[in-house]
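Asker: Below is one structure. I have some questions about it.
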Amino acid sequence: MSDAFSMSVRVYMEDTDAGGIVYYVNYLKFMERARSEWLRNLGLNQQALLDEGTQLVVYRLACHYSKPAQLDEELVVTTTVENVGRCRMTFAQQIQRNKELLCAATVEIACLEAQRLRPKAWPATFKSLGLV
């Protein structure tokens with residue numbers, strides 16, 4: 001649906017368990033950062049969206065862990081928009097090390113009215129960028 005967005009992340013001690021392997025939930029944090037940077041790359045940021053009454057939240061997530069990442073490795077997180085609905089957007093995200101797949105996820109984001117936390121259609125800024 002759209003071009004893939006990629007960013008690098010470095011694995012720090014705080015990202016690992018006692019064995020020096022990335023703790024499973026931190027892959028989700030890396031993916032969250034990549035979606036936030038994807039927005040920023042488009043000229044949007046979450047604070048501005050909140051200020052205009054829009055909140056983006058994870059609605060559904062499916063994740064498959066293939067191989068572990070370890071301390072000090074450089075990873076690449078790729079984010080691609082797969083589908084856009086009236087108030088939801090589905091992303092395919094991957095984390096790779098040297099083009100080797102470590103983790104893949106499908107992440108569905110919901111667009112909410114920030115005060116009432118109810119679904120709302122994508123704001124005009126998303127439409128003007130051709131995202132919806």
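Here's how to read the names in the structure tokens: chain A, B, ... by the order shown, residue numbers from 1 in each chain, ligand numbers from 1 in the order shown.
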Could you tell me, as a PDB file with C-alpha atoms, in the first residue's frame, which residues of chain A DSSP assigns to strand (DSSP E) when given the backbone?

Answerer:
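Result file is out34.pdb:
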ATOM      1  CA  PHE A   5       9.961   2.936   6.211  1.00  0.00           C
ATOM      2  CA  SER A   6      13.092   1.609   7.938  1.00  0.00           C
ATOM      3  CA  MET A   7      15.158   2.715  10.890  1.00  0.00           C
ATOM      4  CA  SER A   8      18.101   1.315  12.820  1.00  0.00           C
ATOM      5  CA  VAL A   9      18.144   0.513  16.518  1.00  0.00           C
ATOM      6  CA  ARG A  10      21.052  -0.591  18.664  1.00  0.00           C
ATOM      7  CA  THR A  54      -6.636  12.267  18.045  1.00  0.00           C
ATOM      8  CA  GLN A  55      -5.027   9.323  19.806  1.00  0.00           C
ATOM      9  CA  LEU A  56      -3.516   6.280  18.096  1.00  0.00           C
ATOM     10  CA  VAL A  57      -3.565   3.004  20.019  1.00  0.00           C
ATOM     11  CA  VAL A  58      -2.663  -0.603  19.318  1.00  0.00           C
ATOM     12  CA  TYR A  59      -5.894  -2.469  18.684  1.00  0.00           C
ATOM     13  CA  ARG A  60      -4.541  -5.896  17.741  1.00  0.00           C
ATOM     14  CA  LEU A  61      -1.108  -7.449  17.441  1.00  0.00           C
ATOM     15  CA  ALA A  62       0.256 -10.770  16.177  1.00  0.00           C
ATOM     16  CA  CYS A  63       3.968 -11.373  16.543  1.00  0.00           C
ATOM     17  CA  HIS A  64       6.302 -14.195  15.537  1.00  0.00           C
ATOM     18  CA  TYR A  65       9.791 -14.437  16.995  1.00  0.00           C
ATOM     19  CA  GLU A  74      22.405  -3.157  15.193  1.00  0.00           C
ATOM     20  CA  LEU A  75      18.911  -4.036  14.022  1.00  0.00           C
ATOM     21  CA  VAL A  76      16.738  -2.633  11.257  1.00  0.00           C
ATOM     22  CA  VAL A  77      13.017  -2.159  11.916  1.00  0.00           C
ATOM     23  CA  THR A  78      10.862  -1.933   8.794  1.00  0.00           C
ATOM     24  CA  THR A  79       7.314  -0.609   8.791  1.00  0.00           C
ATOM     25  CA  THR A  80       4.872  -0.942   5.898  1.00  0.00           C
ATOM     26  CA  VAL A  81       1.218   0.106   5.792  1.00  0.00           C
ATOM     27  CA  GLU A  82      -0.785  -2.877   4.558  1.00  0.00           C
ATOM     28  CA  ASN A  83      -4.372  -1.737   4.920  1.00  0.00           C
ATOM     29  CA  VAL A  84      -6.335   1.367   5.919  1.00  0.00           C
ATOM     30  CA  ARG A  88      -7.916   1.510  11.651  1.00  0.00           C
ATOM     31  CA  MET A  89      -4.585   0.989   9.944  1.00  0.00           C
ATOM     32  CA  THR A  90      -2.691  -2.304   9.640  1.00  0.00           C
ATOM     33  CA  PHE A  91       1.096  -2.376   9.572  1.00  0.00           C
ATOM     34  CA  ALA A  92       3.482  -5.177   8.652  1.00  0.00           C
ATOM     35  CA  GLN A  93       6.638  -4.783  10.711  1.00  0.00           C
ATOM     36  CA  GLN A  94       9.882  -6.707  10.657  1.00  0.00           C
ATOM     37  CA  ILE A  95      13.057  -6.617  12.684  1.00  0.00           C
ATOM     38  CA  GLN A  96      16.185  -7.851  10.940  1.00  0.00           C
ATOM     39  CA  ARG A  97      19.863  -8.247  11.665  1.00  0.00           C
ATOM     40  CA  GLU A 100      18.131 -11.975   8.586  1.00  0.00           C
ATOM     41  CA  LEU A 101      14.562 -11.940   9.901  1.00  0.00           C
ATOM     42  CA  LEU A 102      14.398 -12.004  13.696  1.00  0.00           C
ATOM     43  CA  CYS A 103      10.833 -10.935  14.367  1.00  0.00           C
ATOM     44  CA  ALA A 104       7.732 -10.158  12.291  1.00  0.00           C
ATOM     45  CA  ALA A 105       4.441  -8.661  13.404  1.00  0.00           C
ATOM     46  CA  THR A 106       1.124  -7.468  12.114  1.00  0.00           C
ATOM     47  CA  VAL A 107       0.031  -4.448  14.138  1.00  0.00           C
ATOM     48  CA  GLU A 108      -3.418  -2.906  13.845  1.00  0.00           C
ATOM     49  CA  ILE A 109      -3.724   0.685  15.065  1.00  0.00           C
ATOM     50  CA  ALA A 110      -7.033   2.341  15.931  1.00  0.00           C
ATOM     51  CA  CYS A 111      -7.709   6.057  15.615  1.00  0.00           C
ATOM     52  CA  LEU A 112      -9.576   7.342  18.681  1.00  0.00           C
ATOM     53  CA  GLU A 113     -11.154  10.580  19.805  1.00  0.00           C
ATOM     54  CA  ARG A 118     -14.047   6.224  21.039  1.00  0.00           C
ATOM     55  CA  PRO A 119     -13.224   5.308  17.419  1.00  0.00           C
TER      56      PRO A 119
END

Asker: Enumerate the residues of stretch 43-83 of chain A with a DSSP assignment of helix (DSSP H, G or I), computed from the backbone, and present them as a ChimeraX atom specification.

Answerer: /A:46-51

Asker: Nearest to A:Phe30: which of A:Leu44, A:Asn98, A:Tyr12, A:Ala18 is it, counting only C-alpha atoms?

Answerer: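 Closest candidate: A:Tyr12.
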
Asker: From the options A:Asn45, A:Arg40, A:Gly53, A:Asp3, which residue's atoms come nearest to A:Leu117, counting only C-alpha atoms?

Answerer: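 Closest residue, counting only C-alpha atoms: A:Gly53.
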
Asker: Take atom CA of A:Pro123 and atom CA of A:Arg86 and report the distance between them in Å, one decimal.

Answerer: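 It comes out at 10.3 Å.
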
Asker: Could you check the closest approach to A:Leu131 for each of A:Glu73, A:Cys87, A:Met13, A:Gly19 and tell me which residue wins, using only C-alpha atoms?

Answerer: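 Closest to A:Leu131 of all the choices is A:Cys87.
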
Asker: Using only C-alpha atoms, which of A:Ala114, A:Ala69, A:Lys120, A:Lys127 sits nearest A:Gln46?

Answerer: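 Closest candidate: A:Ala114.
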